[in-house]
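This is structure_23.tsv. It holds TSV, C-alpha atoms.
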```
chain	number	residue	atom	x	y	z
A	1	MET	CA	-3.34	7.80	6.88
A	2	ASP	CA	-5.32	6.45	9.83
A	3	ASP	CA	-5.77	3.19	7.93
A	4	ILE	CA	-2.25	2.07	8.84
A	5	PHE	CA	-3.22	2.13	12.52
A	6	GLN	CA	-6.22	-0.13	11.81
A	7	ILE	CA	-4.00	-2.47	9.80
A	8	LEU	CA	-1.30	-2.60	12.46
A	9	SER	CA	-3.84	-3.23	15.24
A	10	LYS	CA	-5.10	-6.34	13.41
A	11	LEU	CA	-1.72	-7.54	12.12
A	12	SER	CA	-1.44	-10.49	14.49
A	13	LEU	CA	-4.88	-11.73	13.39
A	14	ILE	CA	-3.93	-12.04	9.72
A	15	LYS	CA	-4.20	-15.62	8.53
A	16	GLY	CA	-3.49	-16.72	4.98
A	17	LYS	CA	-2.14	-14.52	2.23
A	18	SER	CA	-2.62	-10.77	2.18
A	19	VAL	CA	-1.53	-7.75	0.18
A	20	LEU	CA	-0.73	-4.21	1.32
A	21	ALA	CA	-2.03	-1.62	-1.16
A	22	THR	CA	-0.40	1.81	-0.80
A	23	ILE	CA	-0.92	5.02	-2.74
A	24	ILE	CA	2.60	5.97	-3.82
A	25	HIS	CA	1.84	8.93	-6.08
A	26	VAL	CA	-1.11	11.21	-6.81
A	27	GLU	CA	-1.40	13.59	-9.75
A	28	GLY	CA	-4.22	16.07	-9.23
A	29	SER	CA	-6.97	15.57	-6.67
A	30	ALA	CA	-7.84	12.31	-4.97
A	31	TYR	CA	-9.92	11.01	-2.07
A	32	LYS	CA	-6.73	9.98	-0.23
A	33	LYS	CA	-3.08	10.99	-0.59
A	34	GLU	CA	0.35	9.33	-0.77
A	35	GLY	CA	1.01	6.90	2.05
A	36	SER	CA	-2.62	5.90	2.50
A	37	CYS	CA	-2.97	2.14	2.54
A	38	MET	CA	-5.36	-0.76	2.82
A	39	LEU	CA	-4.92	-4.46	3.46
A	40	ILE	CA	-6.54	-7.02	1.17
A	41	ALA	CA	-6.82	-10.60	2.44
A	42	ASP	CA	-7.11	-13.67	0.23
A	43	ASP	CA	-10.61	-14.28	1.62
A	44	GLY	CA	-11.72	-10.99	0.02
A	45	SER	CA	-11.87	-8.98	3.24
A	46	GLN	CA	-10.13	-5.64	3.55
A	47	ILE	CA	-9.00	-3.15	6.15
A	48	GLY	CA	-9.06	0.48	5.07
A	49	MET	CA	-9.94	2.19	1.79
A	50	LEU	CA	-8.00	4.08	-0.87
A	51	SER	CA	-10.92	5.77	-2.58
A	52	ALA	CA	-14.54	6.57	-1.99
A	53	GLY	CA	-15.28	2.97	-2.91
A	54	CYS	CA	-14.73	3.06	-6.66
A	55	LEU	CA	-11.32	1.27	-6.75
A	56	GLU	CA	-11.51	-1.32	-4.00
A	57	GLU	CA	-13.24	-4.07	-5.98
A	58	ASP	CA	-10.74	-3.77	-8.83
A	59	LEU	CA	-7.85	-3.72	-6.36
A	60	ARG	CA	-9.12	-7.00	-4.89
A	61	TRP	CA	-9.00	-8.52	-8.40
A	62	LYS	CA	-5.50	-7.19	-8.99
A	63	ALA	CA	-4.41	-8.52	-5.59
A	64	GLU	CA	-5.18	-12.01	-6.91
A	65	GLN	CA	-2.21	-11.66	-9.28
A	66	VAL	CA	0.02	-10.73	-6.36
A	67	PHE	CA	-1.28	-13.68	-4.32
A	68	LEU	CA	-0.38	-16.03	-7.18
A	69	ASP	CA	3.21	-15.02	-7.85
A	70	GLY	CA	4.22	-13.03	-4.75
A	71	THR	CA	5.53	-10.12	-6.84
A	72	ALA	CA	4.85	-6.48	-5.96
A	73	ARG	CA	3.12	-4.50	-8.70
A	74	ILE	CA	2.15	-0.90	-9.38
A	75	PHE	CA	-1.22	-0.08	-10.92
A	76	THR	CA	-2.34	3.30	-12.25
A	77	TYR	CA	-5.91	4.57	-12.11
A	78	ASP	CA	-6.78	7.63	-14.19
A	79	MET	CA	-9.84	9.19	-12.57
A	80	LYS	CA	-9.86	12.42	-14.59
A	81	ASP	CA	-12.37	11.22	-17.20
A	82	GLU	CA	-15.96	11.60	-16.03
A	83	THR	CA	-17.65	9.32	-18.58
A	84	ASP	CA	-19.85	6.40	-17.51
A	85	LEU	CA	-16.95	3.97	-17.97
A	86	ALA	CA	-14.43	5.98	-15.97
A	87	TRP	CA	-13.18	5.19	-12.47
A	88	GLY	CA	-13.76	8.63	-11.04
A	89	GLN	CA	-17.37	9.29	-11.95
A	90	GLY	CA	-19.15	10.75	-8.96
A	91	ALA	CA	-16.21	10.13	-6.65
A	92	GLY	CA	-15.10	13.73	-6.35
A	93	CYS	CA	-11.66	12.69	-7.59
A	94	ASN	CA	-10.08	14.12	-10.69
A	95	GLY	CA	-6.57	12.78	-10.42
A	96	ILE	CA	-4.34	9.90	-11.33
A	97	LEU	CA	-3.46	7.39	-8.60
A	98	HIS	CA	-0.41	5.12	-8.62
A	99	ILE	CA	-0.95	2.24	-6.20
A	100	LEU	CA	1.65	-0.29	-5.06
A	101	LEU	CA	0.38	-3.79	-4.22
A	102	GLU	CA	2.89	-5.70	-2.07
A	103	PRO	CA	2.50	-9.26	-0.85
A	104	ILE	CA	2.77	-9.39	2.93
A	105	ASN	CA	5.63	-11.85	3.17
A	106	GLN	CA	7.73	-12.60	6.25
A	107	LEU	CA	10.01	-9.58	5.71
A	108	LEU	CA	7.17	-7.10	5.28
A	109	MET	CA	5.35	-8.62	8.26
A	110	GLU	CA	8.46	-8.11	10.43
A	111	ASN	CA	8.75	-4.50	9.20
A	112	LEU	CA	5.10	-3.84	10.01
A	113	PHE	CA	5.50	-5.28	13.52
A	114	MET	CA	8.57	-3.05	14.01
A	115	LEU	CA	6.55	-0.06	12.80
A	116	LYS	CA	3.73	-0.94	15.21
A	117	THR	CA	6.17	-1.15	18.12
A	118	CYS	CA	7.66	2.26	17.33
A	119	LEU	CA	4.26	3.91	16.95
A	120	ASP	CA	2.98	2.26	20.15
A	121	GLU	CA	5.97	3.79	21.94
A	122	GLY	CA	5.08	7.24	20.58
A	123	ASP	CA	7.89	7.44	18.01
A	124	SER	CA	7.26	8.91	14.59
A	125	VAL	CA	8.59	6.85	11.70
A	126	LEU	CA	9.42	7.77	8.11
A	127	GLN	CA	9.15	5.00	5.54
A	128	ILE	CA	10.91	5.38	2.19
A	129	LYS	CA	10.28	3.05	-0.75
A	130	GLN	CA	12.76	3.21	-3.62
A	131	PHE	CA	11.85	2.16	-7.17
A	132	ASP	CA	13.99	1.59	-10.25
A	133	ASN	CA	13.32	3.20	-13.65
A	134	ASP	CA	10.85	0.41	-14.50
A	135	PHE	CA	8.92	1.07	-11.27
A	136	ASN	CA	10.06	-2.16	-9.60
A	137	LEU	CA	10.34	-1.88	-5.82
A	138	VAL	CA	14.07	-1.87	-5.00
A	139	SER	CA	14.25	-1.12	-1.28
A	140	THR	CA	12.28	-0.12	1.78
A	141	SER	CA	13.78	1.90	4.63
A	142	PHE	CA	12.45	3.04	7.99
A	143	PHE	CA	13.86	5.96	9.99
A	144	SER	CA	12.88	7.19	13.45
A	145	GLU	CA	11.98	10.83	14.01
A	146	LYS	CA	15.45	11.37	15.47
A	147	GLY	CA	17.11	10.16	12.26
A	148	LYS	CA	18.02	6.72	13.58
A	149	ILE	CA	17.98	4.04	10.87
A	150	LEU	CA	15.57	1.34	11.99
A	151	VAL	CA	15.85	-0.98	9.00
A	152	ILE	CA	16.89	-0.94	5.35
A	153	ASN	CA	15.72	-3.82	3.16
A	154	VAL	CA	17.30	-4.08	-0.26
A	155	LEU	CA	14.85	-6.20	-2.24
A	156	THR	CA	16.69	-6.45	-5.58
A	157	VAL	CA	20.22	-5.92	-6.76
```

If you convert what's in this file into C-alpha cells, what do you get?
Amino acid sequence: MDDIFQILSKLSLIKGKSVLATIIHVEGSAYKKEGSCMLIADDGSQIGMLSAGCLEEDLRWKAEQVFLDGTARIFTYDMKDETDLAWGQGAGCNGILHILLEPINQLLMENLFMLKTCLDEGDSVLQIKQFDNDFNLVSTSFFSEKGKILVINVLTV
C-alpha cells in the first residue's frame, strides 16, 4: 500500500492523461493485496506495481482503452494456472486479481489531493468504492479515522 504515497507525492507533476489501477479484490494468494495501486501515464511511465512484474505491461495496454473513452473498467487476471501461457508462472502468485482502471479526471484528481492533505496532516482515511451488479463503479467515499465524511461522489444514478 506504500505505492499510494509515491503516487500522491508526484500528483502535481502529472501532465497529460493518466489512469489509476487499483486491486479491488483478490481470491487466493497474490503479490499485493486489495487497495494496492499504481499510476499509468499516457507516455507509458508508471508509478508503483501491482504484481512482481507480470501484469504491468498488459495493464498499460488496457489503460489505452481507458485513455480513449474515459470510462473506468475492471479487469480480471487468473494467475492460478502455471502453464507457459499463464500470467502467474514464476511469480509466486496463485490467485485471481480483480483490478479497477480509473481515468484520473478532475474529480478523481481533487479526491487524491484531498487524500494527500489528510495523510500529510497525519489523519487516517478510509476509501470505499461501490459497484453495481455489473461491476460498474457507482460511487467513491472517503471517511476520516474519526468517522467524519470527507467526500461522497456518486458517479452514476

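Using only C-alpha atoms, the protein and nucleic acid residues lying no more than 12 Å from Leu68 of chain A, apart from those fewer than 6 places from it along its own chain, are A:Lys17, A:Ser18, A:Val19, A:Asp42, A:Trp61, A:Lys62, A:Glu102, A:Pro103.
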
Kindly compute an axis-aligned box around the listed atoms of segment 118-136 of chain A, allowing 5 Å on each side, and express its centre and edge lengths in Å to one decimal as lines of an AutoDock Vina configuration file.
```
center_x = 8.5
center_y = 3.4
center_z = 3.7
size_x = 21.0
size_y = 21.1
size_z = 46.4
```

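Taking atom CA of Thr140 of chain A and atom CA of Gly53 of chain A as endpoints, the distance between them is 28.1 Å.
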
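Compared by their closest atoms to Gln65 of chain A, and using all atoms listed in the file, the residues A:Ala52, A:Leu13, A:Ala30, A:Leu101 rank with A:Leu101 nearest.
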
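For Lys32 of chain A, the set of protein, DNA and RNA residues having any atom at most 12 Å away, when counting only C-alpha atoms and skipping those fewer than 6 positions along the same chain, is Met1, Asp2, Asp3, Thr22, Ile23, Ile24, His25, Val26, Met38, Gly48, Met49, Leu50, Ser51, Ala52, Gly53, Leu55, Ala91, Gly92, Cys93, Asn94, Gly95, Ile96, Leu97, His98 and Ile99 of chain A.
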
Query raised in the report: Distance atom CA of Cys118 of chain A-atom CA of Lys10 of chain A, one decimal place?
Result: 15.9 Å

Report task. Identify, on the basis of all atoms listed in the file, every residue whose closest approach to segment 107-114 of chain A does not exceed 9 Å; exclude the query and any residue fewer than 2 positions from it along the same chain; express the result as JSON, numbers by chain. Result -> {"A": [8, 11, 12, 102, 103, 104, 105, 116, 117, 118, 119, 142, 150, 151, 153]}

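As for atom CA of Ile149 of chain A and atom CA of Asp123 of chain A, they are spaced 12.8 Å apart.
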
N, CA, C and O atoms are needed for segment 119-143 of chain A; please write them out as a tab-separated table (two decimals), in the coordinates of the input.
```
chain	number	residue	atom	x	y	z
A	119	LEU	N	5.41	3.03	16.80
A	119	LEU	CA	4.26	3.91	16.95
A	119	LEU	C	3.60	3.74	18.31
A	119	LEU	O	3.16	4.72	18.92
A	120	ASP	N	3.54	2.50	18.81
A	120	ASP	CA	2.98	2.26	20.15
A	120	ASP	C	3.79	2.95	21.23
A	120	ASP	O	3.25	3.33	22.27
A	121	GLU	N	5.10	3.11	20.98
A	121	GLU	CA	5.97	3.79	21.94
A	121	GLU	C	5.99	5.31	21.75
A	121	GLU	O	6.71	6.02	22.42
A	122	GLY	N	5.19	5.81	20.80
A	122	GLY	CA	5.08	7.24	20.58
A	122	GLY	C	6.12	7.81	19.63
A	122	GLY	O	6.25	9.03	19.52
A	123	ASP	N	6.89	6.97	18.96
A	123	ASP	CA	7.89	7.44	18.01
A	123	ASP	C	7.28	7.63	16.63
A	123	ASP	O	6.50	6.80	16.17
A	124	SER	N	7.64	8.70	15.98
A	124	SER	CA	7.26	8.91	14.59
A	124	SER	C	8.24	8.16	13.70
A	124	SER	O	9.43	8.08	14.01
A	125	VAL	N	7.75	7.63	12.59
A	125	VAL	CA	8.59	6.85	11.70
A	125	VAL	C	8.36	7.31	10.26
A	125	VAL	O	7.23	7.52	9.84
A	126	LEU	N	9.46	7.46	9.53
A	126	LEU	CA	9.42	7.77	8.11
A	126	LEU	C	9.75	6.50	7.34
A	126	LEU	O	10.76	5.85	7.62
A	127	GLN	N	8.89	6.15	6.40
A	127	GLN	CA	9.15	5.00	5.54
A	127	GLN	C	9.45	5.51	4.14
A	127	GLN	O	8.72	6.34	3.61
A	128	ILE	N	10.53	5.00	3.55
A	128	ILE	CA	10.91	5.38	2.19
A	128	ILE	C	10.97	4.12	1.34
A	128	ILE	O	11.63	3.15	1.70
A	129	LYS	N	10.24	4.15	0.22
A	129	LYS	CA	10.28	3.05	-0.75
A	129	LYS	C	11.00	3.56	-1.99
A	129	LYS	O	10.64	4.60	-2.52
A	130	GLN	N	11.99	2.82	-2.44
A	130	GLN	CA	12.76	3.21	-3.62
A	130	GLN	C	12.40	2.29	-4.78
A	130	GLN	O	12.31	1.07	-4.61
A	131	PHE	N	12.21	2.90	-5.97
A	131	PHE	CA	11.85	2.16	-7.17
A	131	PHE	C	12.91	2.39	-8.24
A	131	PHE	O	13.55	3.44	-8.27
A	132	ASP	N	13.08	1.40	-9.13
A	132	ASP	CA	13.99	1.59	-10.25
A	132	ASP	C	13.26	2.29	-11.39
A	132	ASP	O	12.08	2.66	-11.25
A	133	ASN	N	13.92	2.48	-12.52
A	133	ASN	CA	13.32	3.20	-13.65
A	133	ASN	C	12.11	2.49	-14.24
A	133	ASN	O	11.30	3.11	-14.92
A	134	ASP	N	11.99	1.18	-14.01
A	134	ASP	CA	10.85	0.41	-14.50
A	134	ASP	C	9.76	0.28	-13.44
A	134	ASP	O	8.85	-0.53	-13.57
A	135	PHE	N	9.87	1.05	-12.37
A	135	PHE	CA	8.92	1.07	-11.27
A	135	PHE	C	8.84	-0.27	-10.52
A	135	PHE	O	7.80	-0.62	-9.99
A	136	ASN	N	9.97	-0.97	-10.45
A	136	ASN	CA	10.06	-2.16	-9.60
A	136	ASN	C	10.54	-1.70	-8.23
A	136	ASN	O	11.44	-0.85	-8.13
A	137	LEU	N	9.94	-2.23	-7.18
A	137	LEU	CA	10.34	-1.88	-5.82
A	137	LEU	C	11.75	-2.41	-5.57
A	137	LEU	O	12.02	-3.60	-5.74
A	138	VAL	N	12.67	-1.51	-5.19
A	138	VAL	CA	14.07	-1.87	-5.00
A	138	VAL	C	14.42	-2.01	-3.52
A	138	VAL	O	15.11	-2.92	-3.12
A	139	SER	N	13.93	-1.06	-2.70
A	139	SER	CA	14.25	-1.12	-1.28
A	139	SER	C	13.19	-0.41	-0.46
A	139	SER	O	12.45	0.42	-0.97
A	140	THR	N	13.15	-0.77	0.81
A	140	THR	CA	12.28	-0.12	1.78
A	140	THR	C	13.13	0.22	2.99
A	140	THR	O	13.89	-0.62	3.47
A	141	SER	N	13.01	1.45	3.47
A	141	SER	CA	13.78	1.90	4.63
A	141	SER	C	12.85	2.55	5.64
A	141	SER	O	11.85	3.16	5.26
A	142	PHE	N	13.20	2.41	6.91
A	142	PHE	CA	12.45	3.04	7.99
A	142	PHE	C	13.43	3.84	8.84
A	142	PHE	O	14.50	3.34	9.20
A	143	PHE	N	13.04	5.08	9.17
A	143	PHE	CA	13.86	5.96	9.99
A	143	PHE	C	13.01	6.50	11.12
A	143	PHE	O	11.85	6.86	10.92
```
